[in-house]
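Dumped input_19.cif below, it's mmCIF, C-alpha atoms:
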```
data_query
loop_
_atom_site.group_PDB
_atom_site.id
_atom_site.type_symbol
_atom_site.label_atom_id
_atom_site.label_comp_id
_atom_site.auth_asym_id
_atom_site.auth_seq_id
_atom_site.Cartn_x
_atom_site.Cartn_y
_atom_site.Cartn_z
ATOM 1 C CA MET A 26 0.000 0.000 0.000
ATOM 2 C CA ALA A 27 2.891 2.371 0.738
ATOM 3 C CA ASP A 28 4.155 1.879 -2.816
ATOM 4 C CA GLU A 29 0.795 2.959 -4.259
ATOM 5 C CA LYS A 30 0.734 5.977 -1.945
ATOM 6 C CA THR A 31 4.297 6.879 -2.962
ATOM 7 C CA LYS A 32 3.368 6.555 -6.629
ATOM 8 C CA LEU A 33 0.345 8.860 -6.250
ATOM 9 C CA THR A 34 2.343 11.422 -4.282
ATOM 10 C CA CYS A 35 5.068 11.341 -6.936
ATOM 11 C CA GLN A 36 2.482 11.877 -9.682
ATOM 12 C CA ARG A 37 0.995 14.838 -7.811
ATOM 13 C CA LEU A 38 4.446 16.328 -7.268
ATOM 14 C CA VAL A 39 5.388 16.043 -10.956
ATOM 15 C CA LYS A 40 1.993 17.467 -12.010
ATOM 16 C CA SER A 41 2.486 20.384 -9.615
ATOM 17 C CA VAL A 42 6.002 21.162 -10.869
ATOM 18 C CA VAL A 43 4.874 21.049 -14.504
ATOM 19 C CA ARG A 44 1.892 23.322 -13.809
ATOM 20 C CA LYS A 45 4.060 25.792 -11.891
ATOM 21 C CA MET A 46 6.909 25.968 -14.379
ATOM 22 C CA LEU A 47 4.969 25.785 -17.653
ATOM 23 C CA CYS A 48 1.924 27.785 -16.511
ATOM 24 C CA ARG A 49 -0.301 24.939 -17.714
ATOM 25 C CA SER A 50 -0.820 21.189 -17.413
ATOM 26 C CA ASP A 51 0.949 19.015 -19.976
ATOM 27 C CA GLU A 52 0.608 15.229 -19.800
ATOM 28 C CA ASP A 53 3.290 14.699 -22.463
ATOM 29 C CA VAL A 54 5.846 16.596 -20.399
ATOM 30 C CA GLU A 55 4.788 14.655 -17.295
ATOM 31 C CA GLN A 56 5.322 11.376 -19.159
ATOM 32 C CA GLU A 57 8.755 12.498 -20.325
ATOM 33 C CA ILE A 58 9.649 13.333 -16.730
ATOM 34 C CA PHE A 59 8.575 9.867 -15.588
ATOM 35 C CA ILE A 60 10.694 8.322 -18.337
ATOM 36 C CA ARG A 61 13.652 10.406 -17.162
ATOM 37 C CA LEU A 62 12.989 9.346 -13.535
ATOM 38 C CA TRP A 63 12.931 5.714 -14.605
ATOM 39 C CA GLU A 64 16.206 6.114 -16.536
ATOM 40 C CA LYS A 65 17.936 7.923 -13.682
ATOM 41 C CA TYR A 66 16.629 5.718 -10.871
ATOM 42 C CA PRO A 67 19.852 3.646 -10.721
ATOM 43 C CA SER A 68 21.719 6.855 -9.776
ATOM 44 C CA TYR A 69 19.278 7.589 -6.919
ATOM 45 C CA GLN A 70 20.904 7.061 -3.534
ATOM 46 C CA GLU A 71 18.662 5.876 -0.733
ATOM 47 C CA GLN A 72 19.997 8.426 1.769
ATOM 48 C CA ASP A 73 18.699 11.223 -0.485
ATOM 49 C CA LYS A 74 15.165 12.489 0.011
ATOM 50 C CA LEU A 75 13.023 10.951 -2.719
ATOM 51 C CA TRP A 76 10.771 14.002 -3.119
ATOM 52 C CA ALA A 77 13.701 16.406 -3.469
ATOM 53 C CA TRP A 78 15.235 14.094 -6.085
ATOM 54 C CA VAL A 79 11.963 13.853 -8.052
ATOM 55 C CA ARG A 80 11.378 17.622 -7.835
ATOM 56 C CA THR A 81 14.911 18.383 -9.050
ATOM 57 C CA ILE A 82 14.591 16.112 -12.067
ATOM 58 C CA ALA A 83 11.123 17.500 -12.902
ATOM 59 C CA GLU A 84 12.280 21.128 -12.591
ATOM 60 C CA ASN A 85 15.384 20.484 -14.692
ATOM 61 C CA TYR A 86 13.306 18.807 -17.398
ATOM 62 C CA CYS A 87 10.851 21.737 -17.445
ATOM 63 C CA ARG A 88 13.734 24.227 -17.733
ATOM 64 C CA ASP A 89 15.163 22.251 -20.648
ATOM 65 C CA TYR A 90 11.701 22.088 -22.227
ATOM 66 C CA LEU A 91 11.208 25.864 -21.916
ATOM 67 C CA ARG A 92 14.698 26.497 -23.287
ATOM 68 C CA ARG A 93 14.033 24.278 -26.323
ATOM 69 C CA LYS A 94 10.620 25.885 -26.827
ATOM 70 C CA SER A 95 12.024 29.423 -26.662
ATOM 71 C CA GLN A 96 14.832 28.516 -29.074
ATOM 72 C CA LYS A 97 12.240 27.194 -31.547
ATOM 73 C CA VAL A 98 10.168 30.360 -31.287
ATOM 74 C CA LEU A 99 13.230 32.587 -31.597
ATOM 75 C CA ALA A 100 14.519 30.581 -34.569
ATOM 76 C CA ALA A 101 11.098 30.799 -36.196
ATOM 77 C CA SER A 102 10.965 34.563 -35.707
ATOM 78 C CA VAL A 103 14.472 34.935 -37.170
ATOM 79 C CA ASP A 104 13.405 32.860 -40.174
ATOM 80 C CA GLU A 105 10.307 35.033 -40.612
ATOM 81 C CA VAL A 106 12.372 38.215 -40.660
ATOM 82 C CA ALA A 107 15.006 36.670 -42.924
ATOM 83 C CA GLY A 108 12.278 35.516 -45.280
ATOM 84 C CA GLY A 109 11.029 39.066 -45.618
ATOM 85 C CA LEU A 110 7.681 38.390 -43.968
ATOM 86 C CA GLU A 111 5.817 41.168 -42.243
ATOM 87 C CA ASN A 112 6.530 41.499 -38.519
ATOM 88 C CA LEU A 113 3.864 39.626 -36.629
ATOM 89 C CA SER A 114 2.489 40.986 -33.384
ATOM 90 C CA SER A 115 2.567 38.614 -30.443
ATOM 91 C CA GLY A 116 -1.239 38.349 -30.768
ATOM 92 C CA ASP A 117 -0.878 36.674 -34.158
ATOM 93 C CA ASN A 118 1.094 33.731 -32.770
ATOM 94 C CA PRO A 119 -0.571 32.043 -29.770
ATOM 95 C CA GLU A 120 2.500 29.948 -28.980
ATOM 96 C CA ARG A 121 4.751 33.011 -28.872
ATOM 97 C CA GLN A 122 2.163 34.919 -26.845
ATOM 98 C CA TRP A 123 1.967 32.038 -24.354
ATOM 99 C CA LEU A 124 5.765 31.823 -24.130
ATOM 100 C CA ILE A 125 6.087 35.568 -23.511
ATOM 101 C CA LYS A 126 3.431 35.407 -20.779
ATOM 102 C CA CYS A 127 5.158 32.497 -19.034
ATOM 103 C CA ARG A 128 8.562 34.152 -19.216
ATOM 104 C CA GLN A 129 7.100 37.387 -17.815
ATOM 105 C CA LYS A 130 5.583 35.465 -14.906
ATOM 106 C CA ILE A 131 8.894 33.738 -14.191
ATOM 107 C CA VAL A 132 10.777 37.062 -14.293
ATOM 108 C CA LEU A 133 8.215 38.798 -12.058
ATOM 109 C CA ASP A 134 8.375 35.930 -9.554
ATOM 110 C CA ALA A 135 12.171 36.215 -9.501
ATOM 111 C CA VAL A 136 11.981 39.994 -8.957
ATOM 112 C CA ASN A 137 9.473 39.407 -6.142
ATOM 113 C CA GLN A 138 11.985 37.136 -4.386
ATOM 114 C CA LEU A 139 14.695 39.817 -4.318
ATOM 115 C CA PRO A 140 15.498 41.539 -1.021
ATOM 116 C CA LYS A 141 13.230 44.539 -0.426
ATOM 117 C CA GLU A 142 15.802 47.241 -1.194
ATOM 118 C CA MET A 143 16.942 45.613 -4.455
ATOM 119 C CA LYS A 144 13.346 45.010 -5.506
ATOM 120 C CA LYS A 145 12.442 48.679 -5.018
ATOM 121 C CA ALA A 146 15.432 49.783 -7.110
ATOM 122 C CA ILE A 147 14.644 47.387 -9.974
ATOM 123 C CA ILE A 148 10.957 48.310 -10.029
ATOM 124 C CA LEU A 149 11.610 52.051 -10.085
ATOM 125 C CA VAL A 150 14.322 51.989 -12.762
ATOM 126 C CA GLU A 151 13.457 49.013 -14.979
ATOM 127 C CA PHE A 152 9.666 48.806 -14.672
ATOM 128 C CA ASN A 153 8.683 52.427 -14.000
ATOM 129 C CA GLY A 154 11.402 53.905 -16.220
ATOM 130 C CA LEU A 155 12.730 56.425 -13.715
ATOM 131 C CA SER A 156 16.216 57.814 -14.196
ATOM 132 C CA TYR A 157 18.895 56.981 -11.629
ATOM 133 C CA GLU A 158 18.556 60.468 -10.162
ATOM 134 C CA GLN A 159 14.773 60.227 -9.839
ATOM 135 C CA ALA A 160 14.883 56.722 -8.338
ATOM 136 C CA ALA A 161 17.645 57.663 -5.872
ATOM 137 C CA ALA A 162 15.659 60.734 -4.774
ATOM 138 C CA LYS A 163 12.481 58.675 -4.353
ATOM 139 C CA LEU A 164 14.340 56.089 -2.230
ATOM 140 C CA HIS A 165 16.238 58.783 -0.299
ATOM 141 C CA ILE A 166 19.645 57.277 -1.132
ATOM 142 C CA ASN A 167 22.605 58.463 -3.176
ATOM 143 C CA ILE A 168 23.100 57.425 -6.795
ATOM 144 C CA GLY A 169 26.074 55.188 -5.979
ATOM 145 C CA THR A 170 23.959 53.150 -3.571
ATOM 146 C CA LEU A 171 21.205 52.870 -6.166
ATOM 147 C CA LYS A 172 23.670 51.690 -8.823
ATOM 148 C CA SER A 173 25.090 49.133 -6.401
ATOM 149 C CA ARG A 174 21.631 47.765 -5.591
ATOM 150 C CA LEU A 175 20.739 47.594 -9.272
ATOM 151 C CA HIS A 176 23.988 45.832 -10.098
ATOM 152 C CA ASN A 177 23.492 43.261 -7.329
ATOM 153 C CA ALA A 178 19.830 42.744 -8.211
ATOM 154 C CA LYS A 179 20.618 42.241 -11.902
ATOM 155 C CA ALA A 180 23.421 39.800 -11.035
ATOM 156 C CA ARG A 181 21.038 37.745 -8.885
ATOM 157 C CA LEU A 182 18.359 37.794 -11.567
ATOM 158 C CA HIS A 183 20.882 36.836 -14.232
ATOM 159 C CA ASN A 184 22.033 33.833 -12.195
ATOM 160 C CA GLN A 185 18.494 32.815 -11.332
ATOM 161 C CA LEU A 186 17.089 33.254 -14.861
ATOM 162 C CA ALA A 187 20.069 32.190 -16.990
ATOM 163 C CA TYR A 188 18.153 29.108 -18.180
ATOM 164 C CA LEU A 189 15.666 31.389 -19.959
ATOM 165 C CA GLU A 190 18.426 32.719 -22.210
ATOM 166 C CA LEU A 191 16.873 36.196 -22.253
#
```

As structure tokens:
Amino acid sequence: MADEKTKLTCQRLVKSVVRKMLCRSDEDVEQEIFIRLWEKYPSYQEQDKLWAWVRTIAENYCRDYLRRKSQKVLAASVDEVAGGLENLSSGDNPERQWLIKCRQKIVLDAVNQLPKEMKKAIILVEFNGLSYEQAAAKLHINIGTLKSRLHNAKARLHNQLAYLEL
């Protein structure tokens, strides 16, 4: 009975990771993850936590999937431009529109996880379009401090979001 319970919990975990990372359910991706789990099971060490191991493999697969998907969309858009086609708005291509929406959500979640001071600096300069002087005045700090916070925030975001290949 414990094996059946473990199996159901594993299925729920994989489903949850896929939904979170892809912004939708996808049974094909879930099946590919289970295939990868099956292939990698010999490398699983019993002292490791099973759920952490499953989550890591599922997250890594989803990152690879998103990377491949974004490369396809980017390659397709390069081919469209090279072929002399009219520029398409993101509304004309549902797949591209979906990809942009998912990437925006991932970026916003990453910004939300920044320390409060870094988050304020990024929001004011990058999202609200304020100049360094305006943002520093609004935060009541000097420009050097603002630049430092922006640099550190961008470095963290770059490390955290490198798999998106922005």

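Distances here use only C-alpha atoms; by that measure, the residue among A:Glu55, A:Ser173, A:Ile166, A:Lys94 closest to A:Leu124 is A:Lys94.
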
- Item | Option closest in space to A:Trp76, from A:Ala160, A:Cys35, A:Ile168, A:Cys127 [counting all atoms listed in the file] |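 Looking only at the distances to A:Trp76, the closest residue turns out to be A:Cys35.
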
- Mind checking which residues fall within 12 Å of stretch 64-69 of chain A, counting only C-alpha atoms, ignoring those fewer than 4 positions away in the same chain, and posting them as a ChimeraX atom specification? /A:57-60,73-79,81-83

- Task: Between atom CA of A:Ala178 and atom CA of A:Glu142, measure the distance and give it in Å to one decimal.
- Result: 9.3 Å

With all atoms listed in the file as the counted atoms, please give the residues lying no more than 12 Å from A:Glu84, apart from itself and same-chain residues fewer than 4 positions off, as a tab-separated table (two decimals) with C-alpha atoms, keeping the file's coordinate frame.
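The resulting file, around.tsv, is reproduced below:
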```tsv
chain	number	residue	atom	x	y	z
A	38	LEU	CA	4.45	16.33	-7.27
A	39	VAL	CA	5.39	16.04	-10.96
A	40	LYS	CA	1.99	17.47	-12.01
A	41	SER	CA	2.49	20.38	-9.62
A	42	VAL	CA	6.00	21.16	-10.87
A	43	VAL	CA	4.87	21.05	-14.50
A	44	ARG	CA	1.89	23.32	-13.81
A	45	LYS	CA	4.06	25.79	-11.89
A	46	MET	CA	6.91	25.97	-14.38
A	47	LEU	CA	4.97	25.78	-17.65
A	54	VAL	CA	5.85	16.60	-20.40
A	55	GLU	CA	4.79	14.66	-17.30
A	58	ILE	CA	9.65	13.33	-16.73
A	61	ARG	CA	13.65	10.41	-17.16
A	62	LEU	CA	12.99	9.35	-13.54
A	76	TRP	CA	10.77	14.00	-3.12
A	77	ALA	CA	13.70	16.41	-3.47
A	78	TRP	CA	15.24	14.09	-6.08
A	79	VAL	CA	11.96	13.85	-8.05
A	80	ARG	CA	11.38	17.62	-7.84
A	88	ARG	CA	13.73	24.23	-17.73
A	89	ASP	CA	15.16	22.25	-20.65
A	90	TYR	CA	11.70	22.09	-22.23
A	91	LEU	CA	11.21	25.86	-21.92
A	188	TYR	CA	18.15	29.11	-18.18
```

- For A:Leu155, list every protein, DNA or RNA residue within 12 Å, evaluated using only C-alpha atoms, and leave out those in the same chain fewer than 6 positions away; present the list as a VMD selection string. chain A and resid 145 to 149 161 to 164 171

- Calculate how many Å separate atom CA of A:Pro119 from atom CA of A:Arg37, rounding to one decimal.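 Answer for the atom CA of A:Pro119 to atom CA of A:Arg37 separation: 27.9 Å.
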
- Item | Straight-line distance linking atom CA of A:Val150 with atom CA of A:His176, stated in Å to one decimal |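 If I compute the distance from atom CA of A:Val150 to atom CA of A:His176, I get 11.8 Å.
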
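Distances to A:Ala135 were evaluated for A:Gln36, A:Ala180, A:Lys30, A:Cys87 using only C-alpha atoms, and the minimum falls at A:Ala180.
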
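Comparing the minimum interatomic distances between A:His183 and each of A:Val136, A:Glu120, A:Phe152, A:Lys126, counting all atoms listed in the file, we find that A:Val136 sits nearest.
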